[in-house]
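Engineer: One structure is given below, represented as structure tokens, and several questions about it will come after.
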Amino acid sequence: MVTVERAQTGLRIERNVLKVLKALAEYLDMPLGELVEGIVLHAFDGKAPFSAETLAKIEQLKDVYGLDLTAADAHALEAR
């Protein structure tokens, strides 16, 4: 284990992305912050963060929460 110091932050995120992340964190039985940390650390290393099984679960959750955004939308989002 590596000991870290965590900071509380006010992060703005698209609401359906957040719903999927929260549901995925619950499915994986981990806190949301740790899920996001893991995703980011994998991305920083140029590695995929999820197994095929987890990706299938993410697709199910995206359907449930109506998330139709993709990576192609990442830099083209505009807040209401």
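Going through the structure tokens in order, the chains are called A, B, and so on, while each chain numbers its residues from 1 and the ligands are numbered from 1 in the order shown.
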Would you pick out the contacts of Leu21 of chain A at 8 Å or less, using only C-alpha atoms, so that residues sharing its chain but fewer than 3 positions from it are not included, and give the list as a PyMOL selection string?

Structural biologist: chain A and resi 17-18+24-25+32+35

Engineer: Extract, using only C-alpha atoms, all DNA, RNA and protein residues at most 8 Å from segment 59-73 of chain A, discarding same-chain residues fewer than 3 positions from it, and format them as a tab-separated table (two decimals) with C-alpha atoms, in the first residue's frame.

Structural biologist:
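Output below, filename result_30.tsv:
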```tsv
chain	number	residue	atom	x	y	z
A	16	ASN	CA	-25.17	11.28	-16.48
A	17	VAL	CA	-21.40	10.65	-16.42
A	19	LYS	CA	-24.51	8.73	-12.34
A	20	VAL	CA	-22.64	6.03	-14.26
A	23	ALA	CA	-23.16	3.20	-10.01
A	24	LEU	CA	-19.87	1.69	-11.21
A	55	LEU	CA	-16.64	-2.48	-19.78
A	56	ALA	CA	-19.75	-4.60	-20.38
A	76	ALA	CA	-17.02	19.76	-27.29
A	77	LEU	CA	-19.30	19.92	-24.25
```

Engineer: As a VMD selection string, which residues of chain A does DSSP assign to alpha helix (DSSP H)?

Structural biologist: chain A and resid 15 to 27 32 to 44 52 to 65

Engineer: Nearest to Leu28 of chain A among A:Glu5, A:Glu78, A:Glu53, A:Glu14, with distances taken over only C-alpha atoms: which residue is it?

Structural biologist: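 Smallest distance to Leu28 of chain A is found for A:Glu53.
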
Engineer: In Å, rounded to a single decimal, give me how far atom CA of Ala48 of chain A is from atom CA of Met30 of chain A.

Structural biologist: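 Distance reported for this atom pair: 18.3 Å.
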